[in-house]
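Engineer: Got a file for you: target_27.txt, compact mmCIF, C-alpha atoms (C1' of nucleotides).
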```
# COMPACT_ATOMS: atom_id res chain seq x y z
CA MET A 1 -13.09 -11.79 -2.42
CA PRO A 2 -15.65 -12.53 -4.21
CA GLU A 3 -18.64 -13.23 -2.09
CA LEU A 4 -21.57 -15.29 -3.30
CA PRO A 5 -22.82 -12.84 -5.97
CA GLU A 6 -19.37 -12.55 -7.53
CA VAL A 7 -18.93 -16.31 -7.67
CA GLU A 8 -22.39 -16.68 -9.19
CA THR A 9 -21.43 -14.06 -11.76
CA ILE A 10 -18.20 -15.88 -12.52
CA LYS A 11 -20.08 -19.14 -12.92
CA ARG A 12 -22.56 -17.66 -15.35
CA GLY A 13 -19.95 -15.76 -17.33
CA LEU A 14 -17.46 -18.57 -17.56
CA THR A 15 -19.99 -21.17 -18.62
CA LYS A 16 -20.22 -19.50 -22.00
CA PHE A 17 -16.48 -19.89 -22.58
CA ILE A 18 -15.50 -23.22 -21.07
CA LEU A 19 -18.53 -25.52 -20.96
CA ASN A 20 -18.01 -28.53 -23.26
CA LYS A 21 -14.45 -27.43 -23.92
CA LYS A 22 -11.36 -29.57 -23.51
CA ILE A 23 -8.46 -28.64 -21.25
CA VAL A 24 -5.40 -29.19 -23.42
CA GLN A 25 -2.70 -28.04 -21.04
CA VAL A 26 -2.21 -26.74 -17.52
CA GLU A 27 0.49 -24.71 -15.84
CA VAL A 28 1.02 -24.25 -12.13
CA PHE A 29 3.13 -21.28 -11.12
CA GLU A 30 2.46 -21.55 -7.38
CA GLY A 31 2.31 -25.01 -5.89
CA LYS A 32 0.35 -24.02 -2.82
CA SER A 33 -2.51 -22.80 -5.00
CA VAL A 34 -3.34 -26.41 -5.91
CA LYS A 35 -4.51 -28.76 -3.17
CA ASN A 36 -5.24 -32.43 -2.92
CA GLY A 37 -3.49 -33.72 -6.02
CA GLU A 38 -1.85 -32.90 -9.30
CA LEU A 39 -3.54 -30.58 -11.74
CA THR A 40 -2.20 -32.68 -14.62
CA SER A 41 -5.02 -35.10 -13.83
CA VAL A 42 -7.40 -32.76 -15.69
CA VAL A 43 -5.42 -32.51 -18.92
CA GLY A 44 -7.47 -33.92 -21.78
CA ALA A 45 -10.73 -33.74 -19.83
CA ILE A 46 -13.83 -31.92 -21.02
CA ILE A 47 -15.83 -29.58 -18.81
CA ILE A 48 -19.33 -30.90 -18.37
CA GLY A 49 -20.73 -28.54 -15.76
CA LEU A 50 -20.19 -25.66 -13.38
CA ARG A 51 -21.71 -25.54 -9.92
CA ARG A 52 -21.55 -23.14 -7.03
CA PHE A 53 -21.60 -23.97 -3.33
CA GLY A 54 -21.64 -20.74 -1.36
CA LYS A 55 -18.49 -18.92 -2.40
CA ALA A 56 -16.92 -22.01 -3.93
CA LEU A 57 -17.05 -22.77 -7.64
CA VAL A 58 -16.94 -26.40 -8.76
CA ILE A 59 -15.94 -27.33 -12.30
CA ASP A 60 -17.02 -30.87 -13.22
CA LEU A 61 -15.04 -32.81 -15.81
CA ASP A 62 -15.87 -35.84 -17.90
CA ASN A 63 -13.15 -37.99 -16.31
CA GLY A 64 -14.73 -38.19 -12.87
CA ILE A 65 -12.66 -35.32 -11.48
CA SER A 66 -13.98 -31.99 -10.27
CA LEU A 67 -12.04 -28.83 -9.58
CA MET A 68 -13.19 -26.80 -6.63
CA VAL A 69 -12.05 -23.20 -6.89
CA HIS A 70 -12.11 -20.87 -3.91
CA LEU A 71 -11.04 -17.28 -4.58
CA ARG A 72 -10.85 -16.23 -0.92
CA MET A 73 -9.83 -12.55 -0.60
CA THR A 74 -8.11 -11.65 -3.84
CA GLY A 75 -8.67 -14.43 -6.36
CA GLN A 76 -9.70 -13.77 -9.94
CA LEU A 77 -10.65 -15.93 -12.91
CA ILE A 78 -9.74 -14.33 -16.19
CA TRP A 79 -10.59 -15.71 -19.63
CA ARG A 80 -8.53 -14.72 -22.64
CA GLY A 81 -9.69 -15.84 -26.06
CA LYS A 82 -11.49 -14.19 -28.94
CA GLU A 83 -13.44 -12.44 -26.26
CA ASN A 84 -12.09 -11.50 -22.86
CA TYR A 85 -13.88 -11.92 -19.57
CA ALA A 86 -12.77 -11.39 -16.01
CA ALA A 87 -14.43 -11.52 -12.63
CA GLY A 88 -13.53 -11.74 -8.97
CA HIS A 89 -11.49 -9.32 -6.91
CA PRO A 90 -11.42 -6.14 -9.01
CA SER A 91 -7.94 -5.05 -10.06
CA GLU A 92 -5.82 -4.10 -13.03
CA ASN A 93 -5.19 -7.80 -13.61
CA PHE A 94 -8.53 -7.77 -15.42
CA MET A 95 -6.79 -5.94 -18.24
CA ALA A 96 -3.14 -6.93 -17.73
CA GLU A 97 -0.88 -8.95 -19.94
CA LEU A 98 -1.03 -12.52 -18.62
CA PRO A 99 0.43 -14.58 -17.14
CA ASN A 100 1.96 -12.10 -14.70
CA LYS A 101 3.44 -12.10 -11.23
CA GLN A 102 0.11 -12.89 -9.62
CA THR A 103 -0.83 -15.74 -11.93
CA ARG A 104 -0.94 -18.94 -9.87
CA VAL A 105 -2.48 -21.42 -12.30
CA LEU A 106 -3.63 -21.49 -15.90
CA LEU A 107 -5.83 -23.90 -17.84
CA LYS A 108 -5.32 -23.86 -21.57
CA PHE A 109 -8.15 -24.65 -23.95
CA GLU A 110 -8.16 -24.96 -27.72
CA ASP A 111 -9.62 -21.47 -28.12
CA GLY A 112 -8.41 -19.61 -25.06
CA VAL A 113 -6.78 -19.62 -21.66
CA LEU A 114 -8.31 -19.41 -18.20
CA TYR A 115 -6.01 -17.70 -15.71
CA PHE A 116 -6.29 -17.93 -11.96
CA ASN A 117 -4.70 -14.84 -10.48
CA ASP A 118 -4.45 -14.23 -6.77
CA GLN A 119 -2.42 -11.56 -5.04
CA ARG A 120 -2.38 -13.07 -1.58
CA LYS A 121 -2.23 -16.80 -2.35
CA PHE A 122 -5.16 -17.58 -0.05
CA GLY A 123 -7.30 -18.88 -2.89
CA PHE A 124 -6.85 -22.35 -4.33
CA PHE A 125 -7.88 -25.08 -6.72
CA LYS A 126 -8.75 -28.34 -4.99
CA ILE A 127 -8.89 -31.59 -6.85
CA LEU A 128 -11.82 -33.84 -5.92
CA LYS A 129 -13.58 -36.87 -7.28
CA THR A 130 -16.88 -35.65 -8.71
CA SER A 131 -18.71 -38.28 -6.67
CA GLU A 132 -17.20 -36.89 -3.48
CA VAL A 133 -17.68 -33.14 -4.01
CA GLU A 134 -20.57 -32.92 -1.60
CA GLU A 135 -18.58 -34.80 1.06
CA ASP A 136 -15.74 -32.30 0.91
CA GLU A 137 -15.17 -30.95 4.41
CA PHE A 138 -15.61 -27.32 3.39
CA ILE A 139 -18.68 -27.86 1.23
CA LYS A 140 -20.31 -30.25 3.68
CA LYS A 141 -20.24 -27.69 6.48
CA LEU A 142 -21.87 -24.88 4.52
CA ALA A 143 -25.21 -23.67 5.84
CA LYS A 144 -28.19 -22.68 3.68
CA GLU A 145 -28.08 -19.59 1.52
CA PRO A 146 -30.34 -16.70 2.60
CA TRP A 147 -33.04 -17.53 0.03
CA LYS A 148 -33.48 -21.00 1.49
CA MET A 149 -33.23 -20.10 5.13
CA GLU A 150 -36.30 -19.51 7.26
CA VAL A 151 -36.39 -16.64 9.73
CA ASN A 152 -36.88 -19.09 12.59
CA GLU A 153 -33.75 -20.99 11.72
CA LEU A 154 -31.61 -17.87 11.68
CA TYR A 155 -33.24 -16.62 14.86
CA ASP A 156 -32.45 -19.91 16.61
CA LYS A 157 -28.86 -19.67 15.47
CA CYS A 158 -28.65 -16.15 16.84
CA GLN A 159 -29.80 -17.52 20.19
CA ARG A 160 -27.16 -20.23 20.05
CA HIS A 161 -24.47 -17.62 19.37
CA ALA A 162 -26.05 -15.11 21.71
CA LYS A 163 -22.88 -13.35 22.78
CA ALA A 164 -21.31 -12.98 19.36
CA PRO A 165 -21.81 -9.74 17.44
CA ILE A 166 -24.39 -10.22 14.69
CA LYS A 167 -21.79 -9.36 12.08
CA ALA A 168 -19.63 -12.31 13.14
CA VAL A 169 -22.69 -14.55 12.93
CA LEU A 170 -23.43 -13.39 9.37
CA LEU A 171 -19.85 -14.00 8.27
CA ASP A 172 -19.85 -17.58 9.53
CA GLN A 173 -20.53 -19.78 6.51
CA THR A 174 -21.64 -22.65 8.71
CA ILE A 175 -24.44 -20.47 10.11
CA ILE A 176 -25.64 -18.76 6.93
CA CYS A 177 -23.88 -19.11 3.63
CA GLY A 178 -22.79 -16.55 1.06
CA LEU A 179 -22.29 -13.28 2.91
CA GLY A 180 -18.88 -11.68 3.21
CA ASN A 181 -17.73 -8.33 4.51
CA ILE A 182 -19.59 -6.25 1.92
CA TYR A 183 -22.98 -7.89 2.06
CA ALA A 184 -22.91 -8.31 5.83
CA ASP A 185 -22.49 -4.54 6.19
CA GLU A 186 -25.11 -3.84 3.54
CA ALA A 187 -27.63 -6.27 5.01
CA LEU A 188 -27.23 -4.76 8.49
CA PHE A 189 -27.65 -1.26 7.10
CA PHE A 190 -30.81 -2.43 5.34
CA ALA A 191 -32.14 -3.82 8.62
CA LYS A 192 -30.98 -0.77 10.63
CA VAL A 193 -29.09 -3.01 13.04
CA HIS A 194 -25.71 -2.11 14.51
CA PRO A 195 -23.13 -4.78 13.56
CA ALA A 196 -21.85 -5.11 17.12
CA THR A 197 -25.29 -5.99 18.51
CA LYS A 198 -25.13 -9.26 20.42
CA ALA A 199 -26.98 -11.76 18.27
CA GLY A 200 -28.97 -13.05 21.24
CA THR A 201 -30.61 -9.69 21.86
CA LEU A 202 -32.16 -9.36 18.39
CA SER A 203 -35.90 -9.62 18.01
CA GLU A 204 -37.45 -12.00 15.52
CA LYS A 205 -38.48 -9.00 13.49
CA GLN A 206 -34.93 -7.69 13.32
CA VAL A 207 -33.65 -11.10 12.26
CA ALA A 208 -36.31 -11.18 9.55
CA LEU A 209 -35.15 -7.79 8.29
CA ILE A 210 -31.52 -8.88 8.24
CA LEU A 211 -32.44 -11.95 6.23
CA GLU A 212 -34.49 -9.87 3.84
CA GLY A 213 -31.61 -7.43 3.53
CA ALA A 214 -29.16 -10.21 2.73
CA ARG A 215 -31.42 -11.50 -0.02
CA GLU A 216 -32.02 -8.05 -1.45
CA VAL A 217 -28.43 -6.86 -1.57
CA MET A 218 -27.04 -10.10 -2.94
CA GLN A 219 -29.75 -10.47 -5.56
CA ALA A 220 -29.25 -6.86 -6.65
CA SER A 221 -25.55 -7.54 -7.03
CA ILE A 222 -26.10 -10.71 -9.05
CA ASP A 223 -28.57 -8.86 -11.27
CA SER A 224 -26.09 -6.07 -11.89
CA GLY A 225 -23.29 -8.46 -12.82
CA GLY A 226 -21.19 -8.47 -9.65
CA SER A 227 -17.59 -7.44 -9.94
CA THR A 228 -16.40 -8.07 -13.48
CA MET A 229 -14.21 -6.48 -16.08
CA ALA A 230 -17.33 -4.80 -17.46
CA THR A 231 -18.22 -3.12 -14.17
CA TYR A 232 -14.61 -2.33 -13.29
CA VAL A 233 -13.95 -0.17 -16.32
CA LYS A 234 -16.36 2.72 -16.30
CA ALA A 235 -17.91 4.27 -19.38
CA ASP A 236 -15.38 7.08 -19.45
CA GLY A 237 -12.50 4.61 -19.33
CA THR A 238 -11.50 5.31 -15.74
CA ARG A 239 -11.35 2.57 -13.12
CA GLY A 240 -13.66 1.93 -10.28
CA ASP A 241 -16.00 -0.87 -9.55
CA TYR A 242 -19.64 -1.58 -9.27
CA LEU A 243 -19.58 -0.91 -5.53
CA GLU A 244 -19.67 2.78 -6.30
CA LYS A 245 -23.16 2.41 -7.70
CA PHE A 246 -24.31 -0.48 -5.60
CA ALA A 247 -23.09 -0.10 -2.01
CA LYS A 248 -24.97 2.09 0.47
CA VAL A 249 -22.36 1.96 3.26
CA PHE A 250 -19.48 -0.30 2.26
CA ARG A 251 -16.35 1.83 1.74
CA ARG A 252 -18.45 4.96 1.93
CA ASP A 253 -17.11 6.26 5.22
CA GLY A 254 -17.01 10.04 5.20
CA GLN A 255 -19.96 10.25 2.80
CA PRO A 256 -23.57 10.96 3.75
CA CYS A 257 -25.95 8.12 4.53
CA PRO A 258 -28.34 7.74 1.58
CA ARG A 259 -31.22 7.37 4.03
CA CYS A 260 -30.67 10.16 6.56
CA GLY A 261 -27.63 12.13 5.47
CA THR A 262 -25.54 11.40 8.56
CA ILE A 263 -21.87 10.82 7.77
CA ILE A 264 -21.05 7.14 7.46
CA GLU A 265 -18.39 5.82 9.82
CA LYS A 266 -15.90 3.03 9.63
CA ILE A 267 -15.44 0.98 12.78
CA ARG A 268 -14.05 -2.42 13.67
CA VAL A 269 -16.30 -5.36 14.49
CA ALA A 270 -15.45 -9.05 14.60
CA GLY A 271 -11.93 -8.13 13.53
CA ARG A 272 -13.13 -6.67 10.23
CA GLY A 273 -13.48 -3.17 8.89
CA THR A 274 -17.17 -2.34 9.25
CA HIS A 275 -19.23 0.49 7.81
CA ILE A 276 -22.27 1.95 9.51
CA CYS A 277 -24.59 4.90 9.60
CA PRO A 278 -24.35 5.89 13.28
CA GLU A 279 -27.83 7.36 13.11
CA CYS A 280 -29.69 4.50 11.39
CA GLN A 281 -27.82 1.71 13.17
CA LYS A 282 -27.71 2.21 16.94
C1' DC B 1 -19.50 -26.15 22.90
C1' DT B 2 -18.63 -20.86 21.85
C1' DA B 3 -15.86 -16.50 21.25
C1' DG B 4 -11.92 -14.01 20.05
C1' DG B 5 -7.45 -13.45 18.31
C1' DA B 6 -3.52 -14.88 15.43
C1' DT B 7 -2.34 -16.54 11.07
C1' DC B 8 -1.70 -17.43 6.04
C1' DC B 9 0.42 -13.81 1.92
C1' DT B 10 1.37 -9.67 -1.05
C1' DG B 11 0.59 -4.98 -1.96
C1' DT B 12 -0.82 -0.33 -0.97
C1' DC B 13 -1.45 3.65 1.59
C1' DA B 14 -1.16 6.92 5.56
C1' DG B 15 1.89 8.89 8.71
C1' DC B 16 6.06 9.93 10.21
C1' DT C 1 12.32 9.70 -0.63
C1' DG C 2 12.20 5.95 2.55
C1' DC C 3 10.65 3.40 6.33
C1' DT C 4 6.85 1.41 9.25
C1' DG C 5 2.62 -0.26 10.62
C1' DA C 6 -2.11 -1.04 9.55
C1' DC C 7 -5.11 -3.25 6.91
C1' DA C 8 -7.46 -5.82 3.10
C1' DG C 9 -14.60 -8.29 -0.46
C1' DG C 10 -11.85 -15.25 3.63
C1' DA C 11 -11.45 -19.07 6.44
C1' DT C 12 -8.91 -21.93 9.70
C1' DC C 13 -6.42 -22.95 13.73
C1' DC C 14 -5.43 -22.24 18.49
C1' DT C 15 -6.51 -20.86 23.10
C1' DA C 16 -9.38 -19.84 27.06
```
Step by step, read the file and then write its structure as structure tokens.
Structural biologist:
Amino acid sequence: MPELPEVETIKRGLTKFILNKKIVQVEVFEGKSVKNGELTSVVGAIIIGLRRFGKALVIDLDNGISLMVHLRMTGQLIWRGKENYAAGHPSENFMAELPNKQTRVLLKFEDGVLYFNDQRKFGFFKILKTSEVEEDEFIKKLAKEPWKMEVNELYDKCQRHAKAPIKAVLLDQTIICGLGNIYADEALFFAKVHPATKAGTLSEKQVALILEGAREVMQASIDSGGSTMATYVKADGTRGDYLEKFAKVFRRDGQPCPRCGTIIEKIRVAGRGTHICPECQK
DNA sequence: CTAGGATCCTGTCAGC
DNA sequence: TGCTGACAGGATCCTA
């Protein structure tokens, strides 16, 4: 999924279409995609705000209910109205006729429809009282985002998880919030640190570089619009996504490192596919 | 407490 | 062509 920059992009893009709009109807195609209540409780409510907590999007309504949306690996939010907008896991669903086989939920507005599509059914909508959003067990556990975290704090956490590979540490949302598989790889490439390095052996300077890398790569992604319909369809009409322009190592195995020209490799760390320059990251 | 592996699910792709 | 296993932009649960 959708890591922090994608969710931030979704939040910004969707605000334009659904803020101050009334939900007139809902449809649930997959029951397990809705947690903690019935989605009918939002029918007739008006959207009064959108917030983001790490990779979770929260839609606040005027009836005291909030919808937390987590896209996990393959979730997408797709708006169809006079204008179309789509963001999240890049796929042909961005352009497809909807609802389709992967549509799990839809929210109907007076001037358009918001579709929640999700190939793997890991993503979900969770119904919360607005007053209790910040007490939600997932949201409550989230650590600070890289821009708010001090080097010392991350360094201390690396000491606490001394035997874990640094990549696993970066993926743990209760340690530092917002990174996923792409940005963890990119941040480690930036810092010239091998992903399997035991976190406890990193110097303060290396931790500082990793933190700087995380900020840089995620901010660059937010600035370039994350993964949306606009970045998925290239100028010549062919498909691809913004990673092609943005990523230095992620999914670039077999291609030369942009820094030193060594061929980028794909390995496995912390149970995840991991991309490194074997020369820059020892 | 931490670390590591299995698990949830569908779809796609490489290798027989 | 058809089958099989591996694996995927995430997080949780279980075990040691």
Engineer: Mind checking which residues fall within 7 Å of A:His194, counting all atoms listed in the file, ignoring those fewer than 6 positions away in the same chain, and posting them as a list in words?
Structural biologist: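 Near neighbours after the sequence-gap exclusion: Leu188, Gln281 and Lys282 of chain A.
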Engineer: Could you name the residues that touch A:Asn152 at 10 Å or less, counting all atoms listed in the file, but leaving out those on the same chain fewer than 6 positions away, as a list in words?
Structural biologist: Cys158, Glu204, Val207 and Ala208 of chain A
Engineer: In Å, with one decimal, what is the gap from atom CA of A:Glu212 to atom CA of A:Ala162?
Structural biologist: 20.4 Å
Engineer: Could you check how far atom CA of A:Glu3 sits from atom CA of A:Gly226, in Å to one decimal?
Structural biologist: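 The value is 9.3 Å.
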Engineer: Could you list the residues in chain A lying within 6 Å of chain B, using only C-alpha atoms (C1' of nucleotides), and format the result as a PyMOL selection string?
Structural biologist: chain A and resi 119-121
Engineer: Set the cut-off to 9 Å and count only C-alpha atoms (C1' of nucleotides): what are the residues of chain C that reach chain A? Output as a PyMOL selection string.
Structural biologist: chain C and resi 7-11
Engineer: At a cut-off of 12 Å, can you tabulate as a Markdown table every residue of stretch 62-168 of chain A near stretch 47-53 of chain A together with its closest atom pair and the distance in Å to one decimal, using only C-alpha atoms and ordering rows by chain then number?
Structural biologist:
```
| residue | atom | partner | partner_atom | distance |
| --- | --- | --- | --- | --- |
| A:Asp62 | CA | A:Ile48 | CA | 6.0 |
| A:Asn63 | CA | A:Ile47 | CA | 9.2 |
| A:Gly64 | CA | A:Ile48 | CA | 10.2 |
| A:Ile65 | CA | A:Ile47 | CA | 9.8 |
| A:Ser66 | CA | A:Ile47 | CA | 9.1 |
| A:Leu67 | CA | A:Leu50 | CA | 9.5 |
| A:Met68 | CA | A:Arg52 | CA | 9.1 |
| A:Val69 | CA | A:Arg52 | CA | 9.5 |
| A:His70 | CA | A:Phe53 | CA | 10.0 |
| A:Leu107 | CA | A:Ile47 | CA | 11.5 |
| A:Phe109 | CA | A:Ile47 | CA | 10.5 |
| A:Thr130 | CA | A:Gly49 | CA | 10.7 |
| A:Val133 | CA | A:Phe53 | CA | 10.0 |
| A:Glu134 | CA | A:Phe53 | CA | 9.2 |
| A:Asp136 | CA | A:Phe53 | CA | 11.0 |
| A:Phe138 | CA | A:Phe53 | CA | 9.6 |
| A:Ile139 | CA | A:Phe53 | CA | 6.7 |
| A:Lys140 | CA | A:Phe53 | CA | 9.5 |
| A:Lys141 | CA | A:Phe53 | CA | 10.6 |
| A:Leu142 | CA | A:Phe53 | CA | 7.9 |
| A:Ala143 | CA | A:Phe53 | CA | 9.9 |
| A:Lys144 | CA | A:Phe53 | CA | 9.7 |
| A:Glu145 | CA | A:Phe53 | CA | 9.2 |
```
Engineer: Expressed in Å to a single decimal, how great is the separation between atom CA of A:Thr262 and atom CA of A:His275?
Structural biologist: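 Spanning atom CA of A:Thr262 to atom CA of A:His275 is a straight-line distance of 12.6 Å.
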Engineer: Axis-aligned box over every listed atom of stretch 5-15 of chain B, padded by 6 Å per side: centre and edges in Å to one decimal, as AutoDock Vina command-line options?
Structural biologist:
```
--center_x -2.8 --center_y -4.3 --center_z 8.2 --size_x 21.3 --size_y 38.3 --size_z 32.3
```
Engineer: So which residues touch A:Glu244 within 12 Å, counting all atoms listed in the file, skipping near sequence neighbours fewer than 3 positions away, as number ranges by chain?
Structural biologist: A: 221, 226-227, 231-234, 239-241, 247-252, 255
Engineer: May I have the protein, DNA and RNA residues with an atom at most 7 Å from (-15.5, -8.7, -17.3), counting all atoms listed in the file in the file's coordinates, returned as a list in words?
Structural biologist: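 Within 7 Å of (-15.5, -8.7, -17.3), the protein and nucleic acid residues are Tyr85, Ala86, Ala87, Thr228, Met229, Ala230 and Thr231 of chain A.
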Engineer: What's the 6 Å shell around stretch 19-33 of chain A, counting all atoms listed in the file, without same-chain residues fewer than 3 positions away, as a VMD selection string?
Structural biologist: chain A and resid 15 43 to 48 104 to 109 124
Engineer: Generate a file of the selected residues that holds C-alpha atoms, formatted as a PDB file, in the coordinates of the input.
Structural biologist:
```pdb
ATOM      1  CA  THR A  15     -19.990 -21.170 -18.620  1.00  0.00           C
ATOM      2  CA  VAL A  43      -5.420 -32.510 -18.920  1.00  0.00           C
ATOM      3  CA  GLY A  44      -7.470 -33.920 -21.780  1.00  0.00           C
ATOM      4  CA  ALA A  45     -10.730 -33.740 -19.830  1.00  0.00           C
ATOM      5  CA  ILE A  46     -13.830 -31.920 -21.020  1.00  0.00           C
ATOM      6  CA  ILE A  47     -15.830 -29.580 -18.810  1.00  0.00           C
ATOM      7  CA  ILE A  48     -19.330 -30.900 -18.370  1.00  0.00           C
ATOM      8  CA  ARG A 104      -0.940 -18.940  -9.870  1.00  0.00           C
ATOM      9  CA  VAL A 105      -2.480 -21.420 -12.300  1.00  0.00           C
ATOM     10  CA  LEU A 106      -3.630 -21.490 -15.900  1.00  0.00           C
ATOM     11  CA  LEU A 107      -5.830 -23.900 -17.840  1.00  0.00           C
ATOM     12  CA  LYS A 108      -5.320 -23.860 -21.570  1.00  0.00           C
ATOM     13  CA  PHE A 109      -8.150 -24.650 -23.950  1.00  0.00           C
ATOM     14  CA  PHE A 124      -6.850 -22.350  -4.330  1.00  0.00           C
TER      15      PHE A 124
END
```
